[in-house]
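**Q** Below you'll find the structure I mean.
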Number of protein chains: 2
Amino acid sequence: MNADGAPGRRRKFWGWGYEGDGLGEDEIRALAVRIGPQLGTLEPRVASPPRLEELRLRPPRVRPPAGLAPFSSDAARDRAEHALGKSYRDLVRGLRREYAHPPDFVAYPGNEEELAAVLDWATGARVAVVPYGGGSSVVGGIEPDVGDGYSGAVSVDLRRMSRVLEVDRASRAALIEAGILGPALEDRLRPHGLTLRHFPQSFELSSLGGWIATRSGGHYATLFTHIDEFVEGLRVLTPRGALETRRLPGDGAGVSPDRLFIGSEGILGVITRAWMRLQDRPRFRASASVTFASFVEAAEAARELAQSGLWPANCRLLDPTETVVAGVGDGSRSLLIVGFESADHPLDPWLARAIEICRGHRGTVAAEEAAGAPDRPGARAGAAGRWREVFIRGGHLHDAMVRLGLVNETFETAVTWDRFPEFHAGVLEATRRAVEQVCGRGLVSCRFAYVYPDGPAPYYTVVAPGRPGSELEQWAAIKEAASEALLRLGGTITHHHAVGRDHRPWYDRQRPAPFAEALRAAKRALDPAGVMNPGVLVDPPS
Amino acid sequence: MNADGAPGRRRKFWGWGYEGDGLGEDEIRALAVRIGPQLGTLEPRVASPPRLEELRLRPPRVRPPAGLAPFSSDAARDRAEHALGKSYRDLVRGLRREYAHPPDFVAYPGNEEELAAVLDWATGARVAVVPYGGGSSVVGGIEPDVGDGYSGAVSVDLRRMSRVLEVDRASRAALIEAGILGPALEDRLRPHGLTLRHFPQSFELSSLGGWIATRSGGHYATLFTHIDEFVEGLRVLTPRGALETRRLPGDGAGVSPDRLFIGSEGILGVITRAWMRLQDRPRFRASASVTFASFVEAAEAARELAQSGLWPANCRLLDPTETVVAGVGDGSRSLLIVGFESADHPLDPWLARAIEICRGHRGTVAAEEAAGAPDRPGARAGAAGRWREVFIRGGHLHDAMVRLGLVNETFETAVTWDRFPEFHAGVLEATRRAVEQVCGRGLVSCRFAYVYPDGPAPYYTVVAPGRPGSELEQWAAIKEAASEALLRLGGTITHHHAVGRDHRPWYDRQRPAPFAEALRAAKRALDPAGVMNPGVLVDPPS
């Protein structure tokens with residue numbers, strides 16, 4: 001049994017996407033030519049991804065017992081694929097052929113009985129269990145780096161649990177297995193005229209269960225930003241047994257059980273299925289691209305939009321540098337993309353008011369589009385359409401930059417509007433200073449990934465020349481400077497990338513201590529042996 | 001020290017509101033004449049509320065120690081006021097002069113130090129602590145009926161912690177102490193042009209901390225229905241110490257700490273203050289009253305409105321019987337009140353589309369109103385305005401009905417749209433059968449208190465003639481029949497009235513067992529002695 005238990009193309013074990021996808025070496029060199037001038041001359045050297053036969057994986061410490069063997073694999077390819085996520089650090093280590101923490105084997109349970117067998121065995125054998133959806137974690141969330149307290153680690157890949165089990169058209173909801181990836185999920189909802197409309201940048205290779213476990217951020221720039229709000233009910237398999245919450249449109253019966261598992265990052269159990277709230281497929285759209293000479297004024301426009309009650313589906317603000325990195329501007333102006341969509345009504349009054357708000361902050365409308373045409377992805381023109389394409393190809397661009405030897409980190413946060421000016425200045429300054437110190441030069445850009453009535457969720461991108469052999473130290477210095485600034489200035493260490501193992505030092509300071517005690521106690525109640533994703537969110541039991 | 005530590009009028013110790021408020025005996029007799037024909041002849045007997053000197057309160061089992069004495073009282077009036085909530089059962093027991101579980105004393109801490117002193121002493125002395133906001137619980141949430149495992153019970157009344165500490169105009173947020181009641185909160189925000197716009201029916205006598213602890217339902221019929229969404233950050237005092245969450249517009253760093261305390265009903269600690277998301281005061285309004293011959297069609301209209309993305313602030317559907325009880329209809333048609341409000345833009349396109357939706361389900365517009373005038377409460381005309389007045393006076397009407405000897409219960413729930421027709425028929429049938437069996441006749445009416453894209457939150461009202469001396473048995477039989485139907489047919493035992501002690505039998509079946517274990521474990525971590533509001537949500541430690 002191996003990954004081919006699921007149909008379709010083979011996923012890469014290094015980098016983004018499926019084998020055969022991604023930028024060719026010529027395209028990567030062209031990228032170097034385009035962004036080189038911003039970074040100093042780039043050597044047009046392109047590192048090669050690892051080949052399987054180059055890896056020296058640690059021999060398995062445990063083998064799948066007979067009960068798990070039919071749906072488990074300790075083949076090198078399976079172990080390599082489940083050894084690293086998709087962060088900058090992961091990609092660099094992969095290019096160095098450093099796969100230090102492969103799982104001892106990978107289990108591909110096809111149903112809850114098989115999954116329960118894994119949890120039972122792991123609990124008895126003190127083997128760490130690392131739940132695995134699409135493997136897109138950029139925070140070490142799926143890396144089996146679980147410390148010495150375990151006799152081994154098994155990666156539990158949910159790809160065989162990927163059905164849409166039930167569709168409720170009247171309530172616009174569906175019961176969906178957790179292992180389904182984004183594209184398959186949308187494919188199966190489309191015939192019903194429905195869509196989850198949750199499009200994280202990792203959409204192609206992330207799973208419903210992963211989205212819920214990590215509180216991922218999706219398509220909507222306002223209102224329903226995280227997956228959280230789309231969860232109507234959950235089923236979770238814990239080492240102490242299964243748990244299912246009632247599907248309810250709204251509830252007020254005590255502490256929300258769903259909310260204990262949303263964001264639990266695999267430490268309490270494995271989410272196996274969920275009733276998800278869906279949307280009708282949009283029939284109407286209206287959007288505009290607005291440019292601003294001043295980022296401060298653009299941010300004020302975004303604030304007024306977020307507080308207007310218009311609830312735009314798109315409301316992304318790119319600072320001048322970000323427009324260059326994304327290839328949608330020349331770096332002279334900030335760009336605000338504001339868009340509405342509806343299955344119910346034309347949106348002209350919505351867009352008209354949004355444009356009025358932007359003009360009130362000295363924005364210039366660069367493009368405007370209203371359409372009643374059916375949903376056709378890719379049919380969108382202008383900066384909005386170009387930005388969307390860049391967004392979707394983000395994983396491949398990231399790979400390309402790493403292969404070019406660039407240090408390329410993204411970090412994201414949220415902060416209230418009153419603090420934003422000082423926060424933003426402080427984060428930029430700390431990050432740029434670190435970039436200059438460790439890389440000599442580089443770009444630090446910002447966009448608003450989401451906007452709330454009470455504050456934005458800024459997303460920062462760093463691109464800087466790496467020194468061969470020192471990239472991880474450079475990256476760590478920048479990451480630390482940026483993270484310290486986020487924490488010190490009132491932000492969160494993560495708005496939608498999750499905590500995993502990599503964000504722990506800052507998360508531990510952000511999280512109130514008594515809450516940590518409560519969470520550890522809840523974990524002990526559901527996972528007495530402490531085998532579930534040790535090291536994520538809380539320390540493994542000592 | 002007593003309740004007069006807070007300025008203003010004296011609250012009643014029986015029934016709703018302040019001394020001097022409520023319906024006079026003549027008004028109560030007029031009510032009997034109006035609704036009598038629906039219920040059979042009502043004896044125009046009006047029971048008298050208890051007087052303090054009539055009560056025989058159990059002597060205190062514990063006295064306030066010296067450290068708490070300066071802000072505590074064991075005066076009979078304080079103890080009586082904190083002995084019962086405002087449920088039907090509470091009111092009947094009060095009329096019978098049955099105050100079986102008064103607190104031994106009431107503490108009125110004025111700050112966190114005083115509150116911490118209460119928790120420390122109670123933990124050491126094994127005295128139960130019952131947090132008390134406005135006392136409006138209708139589920140036994142504030143009744144010190146804590147079982148025999150404690151040497152006493154203290155009611156901790158937060159009324160002296162009621163300041164607005166900080167206002168952040170840019171983010172539209174404020175840091176507010178938990179003990180503040182609705183009217184004072186709005187009074188203090190008004191000068192800033194801001195409003196929380198959270199108007200539960202208990203608004204006059206419920207507190208911010210109580211709203212958060214019980215996940216109360218407010219003004220908005222769609223979108224931001226519960227207080228939950230308005231909580232930006234919290235501060236909680238637990239027996240193990242204080243805990244403060246970071247104020248963030250959005251967050252994705254692990255399990256939400258806020259969500260562990262939202263809905264915790266006092267079992268984990270006392271919420272002392274919160275950063276709350278606020279609204280600009282509305283400048284534009286547009287609303288319509290639409291009647292339907294068929295409740296089924298009206299419900300379909302409500303569903304389409306809830307799924308339209310128009311997000312009306314008001315979207316309340318009253319069935320024909322409910323229009324009679326509320327005095328806004330003759331019982332021949334269902335009434336849907338749909339309204340929009342905005343501080344940003346005129347709402348004509350919103351209302352026009354909403355009316356179009358209603359007409360598509362054979363609704364007839366009875367009244368329509370659009371206004372750009374400033375917010376003037378009470379200025380609204382038509383059925384919407386009348387309904388609003390009845391809603392606000394609900395507490396006094398409830399008192400009046402109980403004094404008339406009527407059995408008057410309300411229960412509320414939520415259910416998905418696909419199940420609603422069968423659910424509604426089943427709940428009505430079970431409740432009406434119980435009413436007929438135990439009361440001979442009576443009214444059972446329904447309104448939609450809230451509507452979600454995936455289902456409504458129906459609110460049922462029972463009014464039936466009681467038999468003197470048997471009212472509580474009659475009530476219990478009806479409550480049990482209704483609650484069993486709610487659970488069996490897929491609803492929740494409460495959408496916004498909370499669990500308290502009274503809903504435990506059904507909540508315990510609704511709540512997944514492993515979640516109960518996790519919640520108990522979290523409670524043990526934060527409240528090792530188990531003194532916080534024992535019997536609410538989970539059993540006291542044995």
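The chains in the structure tokens are called A, B, ... from first to last as shown; in each chain the residues are counted from 1, and the ligands are counted from 1 in the order shown.
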Per residue of chain A within 6 Å of chain B, what are the shortest atom pair and its distance in Å to one decimal, counting only C-alpha atoms, with rows by chain and residue number, as a tab-separated table?
**A**
residue	atom	partner	partner_atom	distance
A:Ala170	CA	B:Asp418	CA	5.4
A:Ser171	CA	B:Asp454	CA	4.2
A:Arg215	CA	B:Gly252	CA	5.5
A:Leu243	CA	B:Pro512	CA	5.8
A:Leu248	CA	B:Val415	CA	5.6
A:Pro249	CA	B:Gly455	CA	5.3
A:Asp251	CA	B:His495	CA	4.5
A:Gly252	CA	B:His495	CA	4.4
A:Ala253	CA	B:Ala498	CA	5.5
A:Gly254	CA	B:Gly263	CA	4.5
A:Val255	CA	B:Gly263	CA	4.5
A:Leu260	CA	B:Val255	CA	6.0
A:Gly263	CA	B:Gly254	CA	4.5
A:Ser264	CA	B:Val255	CA	5.3
A:Ser308	CA	B:Asp344	CA	5.5
A:Asp344	CA	B:Ser308	CA	5.5
A:Val415	CA	B:Leu248	CA	5.6
A:Thr416	CA	B:Pro249	CA	5.9
A:Trp417	CA	B:Ser171	CA	5.0
A:Asp418	CA	B:Ala170	CA	5.4
A:Asp454	CA	B:Ser171	CA	4.2
A:Gly455	CA	B:Pro249	CA	5.3
A:Thr494	CA	B:Ala253	CA	5.5
A:His495	CA	B:Gly252	CA	4.4
A:His496	CA	B:Gly252	CA	4.9
A:Ala498	CA	B:Ala253	CA	5.5
A:Val499	CA	B:Ala253	CA	5.7
A:Pro512	CA	B:Leu243	CA	5.8
A:Ala518	CA	B:Ala522	CA	4.2
A:Ala521	CA	B:Ala521	CA	5.3
A:Ala522	CA	B:Ala518	CA	4.3
A:Ala525	CA	B:Ala518	CA	5.5
**Q** Would you mind exporting N, CA and C atoms of the selected residues as a tab-separated table (two decimals), in the first residue's frame?
**A**
chain	number	residue	atom	x	y	z
A	170	ALA	N	-30.98	22.52	0.66
A	170	ALA	CA	-31.81	23.55	1.31
A	170	ALA	C	-31.00	24.38	2.29
A	171	SER	N	-30.16	23.72	3.06
A	171	SER	CA	-29.35	24.44	4.05
A	171	SER	C	-28.00	24.87	3.47
A	215	ARG	N	-7.09	26.44	11.17
A	215	ARG	CA	-7.82	27.71	11.02
A	215	ARG	C	-7.32	28.49	9.81
A	243	LEU	N	-15.94	11.50	18.59
A	243	LEU	CA	-16.72	12.61	19.11
A	243	LEU	C	-17.38	13.28	17.92
A	248	LEU	N	-25.59	22.34	13.54
A	248	LEU	CA	-26.51	23.40	13.95
A	248	LEU	C	-26.11	24.69	13.23
A	249	PRO	N	-27.10	25.45	12.78
A	249	PRO	CA	-26.77	26.73	12.13
A	249	PRO	C	-26.24	27.76	13.11
A	251	ASP	N	-25.64	28.12	17.74
A	251	ASP	CA	-25.81	27.40	18.99
A	251	ASP	C	-25.33	28.29	20.12
A	252	GLY	N	-25.88	28.05	21.30
A	252	GLY	CA	-25.43	28.80	22.47
A	252	GLY	C	-25.38	27.92	23.70
A	253	ALA	N	-25.24	26.63	23.47
A	253	ALA	CA	-25.26	25.67	24.58
A	253	ALA	C	-23.85	25.49	25.14
A	254	GLY	N	-23.45	26.38	26.01
A	254	GLY	CA	-22.16	26.26	26.67
A	254	GLY	C	-21.00	26.57	25.75
A	255	VAL	N	-19.82	26.20	26.22
A	255	VAL	CA	-18.60	26.38	25.43
A	255	VAL	C	-18.77	25.60	24.12
A	260	LEU	N	-13.18	23.94	20.17
A	260	LEU	CA	-12.03	23.30	20.82
A	260	LEU	C	-11.18	22.56	19.80
A	263	GLY	N	-8.54	24.62	14.99
A	263	GLY	CA	-7.25	25.18	15.42
A	263	GLY	C	-6.47	24.27	16.35
A	264	SER	N	-6.91	23.04	16.56
A	264	SER	CA	-6.21	22.17	17.51
A	264	SER	C	-4.99	21.49	16.89
A	308	SER	N	-17.63	49.52	6.56
A	308	SER	CA	-18.80	50.07	5.87
A	308	SER	C	-20.03	49.18	5.93
A	344	ASP	N	-27.11	36.28	-5.75
A	344	ASP	CA	-28.48	36.77	-5.56
A	344	ASP	C	-28.82	38.06	-6.28
A	415	VAL	N	-3.66	42.98	13.56
A	415	VAL	CA	-3.46	44.00	14.58
A	415	VAL	C	-4.60	45.00	14.45
A	416	THR	N	-4.94	45.65	15.54
A	416	THR	CA	-6.04	46.61	15.48
A	416	THR	C	-5.62	47.87	14.74
A	417	TRP	N	-6.63	48.60	14.21
A	417	TRP	CA	-6.33	49.77	13.38
A	417	TRP	C	-5.59	50.85	14.16
A	418	ASP	N	-5.92	51.02	15.43
A	418	ASP	CA	-5.28	52.10	16.18
A	418	ASP	C	-3.78	51.89	16.28
A	454	ASP	N	-12.14	45.95	12.86
A	454	ASP	CA	-11.24	46.43	13.91
A	454	ASP	C	-9.75	46.30	13.59
A	455	GLY	N	-9.42	45.91	12.38
A	455	GLY	CA	-8.01	45.90	12.04
A	455	GLY	C	-7.70	45.06	10.82
A	494	THR	N	0.55	34.46	14.27
A	494	THR	CA	-0.01	33.95	13.03
A	494	THR	C	-1.49	34.24	12.93
A	495	HIS	N	-1.91	34.72	11.78
A	495	HIS	CA	-3.33	34.93	11.52
A	495	HIS	C	-3.95	33.73	10.83
A	496	HIS	N	-3.20	33.04	9.96
A	496	HIS	CA	-3.80	31.89	9.28
A	496	HIS	C	-2.77	30.84	8.82
A	498	ALA	N	-0.97	29.14	11.05
A	498	ALA	CA	-0.94	28.20	12.17
A	498	ALA	C	0.35	28.31	12.98
A	499	VAL	N	0.41	27.53	14.05
A	499	VAL	CA	1.52	27.59	15.00
A	499	VAL	C	2.56	26.50	14.70
A	512	PRO	N	-2.09	32.99	26.82
A	512	PRO	CA	-2.11	33.17	28.28
A	512	PRO	C	-1.77	31.86	28.99
A	518	ALA	N	-5.15	24.82	30.69
A	518	ALA	CA	-6.46	24.25	30.35
A	518	ALA	C	-6.36	23.39	29.10
A	521	ALA	N	-4.64	20.19	29.85
A	521	ALA	CA	-5.54	19.30	30.60
A	521	ALA	C	-6.55	18.65	29.65
A	522	ALA	N	-7.07	19.44	28.72
A	522	ALA	CA	-8.01	18.87	27.74
A	522	ALA	C	-7.31	17.81	26.90
A	525	ALA	N	-6.97	14.62	28.75
A	525	ALA	CA	-8.25	13.89	28.84
A	525	ALA	C	-8.54	13.10	27.56
**Q** Looking only at helix (DSSP H, G or I) from DSSP on the backbone, list the matching residues of range 317-497 of chain A as a ChimeraX atom specification.
**A** /A:320-325,348-360,382-392,394-403,420-439,471-488
**Q** Of the candidates B:Gly124, B:Pro183, B:Pro70, B:Gly218, which shows the shortest atom-to-atom distance to Ala529 in chain B, using only C-alpha atoms?
**A** B:Gly124
**Q** Apply DSSP to the backbone of this structure and, from range 18-210 of chain A, keep only the residues in strand (DSSP E or B); write these as a PyMOL selection string.
**A** chain A and resi 18+72-73+105-107+127-132+152-157+164-168+173-177+181+194-195+207
**Q** What does the distance between CA of Leu336 in chain A and CA of Val139 in chain A come to in Å, to one decimal place?
**A** 28.6 Å
**Q** Pick the closest to Glu113 in chain B from B:Thr272, B:Thr222, B:Ser136, B:Thr364: which is it, counting only C-alpha atoms?
**A** B:Thr272
**Q** If we count only C-alpha atoms, what is near Gly266 in chain B at a cut-off of 7 Å, once residues fewer than 4 positions away on the same chain are taken out, given as a PyMOL selection string?
**A** chain B and resi 131+213+270+532-533
**Q** Mind dumping the selected residues with C-alpha atoms as a PDB file, in the first residue's frame?
**A**
ATOM      1  CA  PRO B 131     -20.979  34.872  39.392  1.00  0.00           C
ATOM      2  CA  ALA B 213     -20.548  33.931  29.706  1.00  0.00           C
ATOM      3  CA  VAL B 270     -15.184  35.293  36.279  1.00  0.00           C
ATOM      4  CA  MET B 532     -16.936  27.942  40.364  1.00  0.00           C
ATOM      5  CA  ASN B 533     -20.695  27.827  39.729  1.00  0.00           C
TER       6      ASN B 533
END
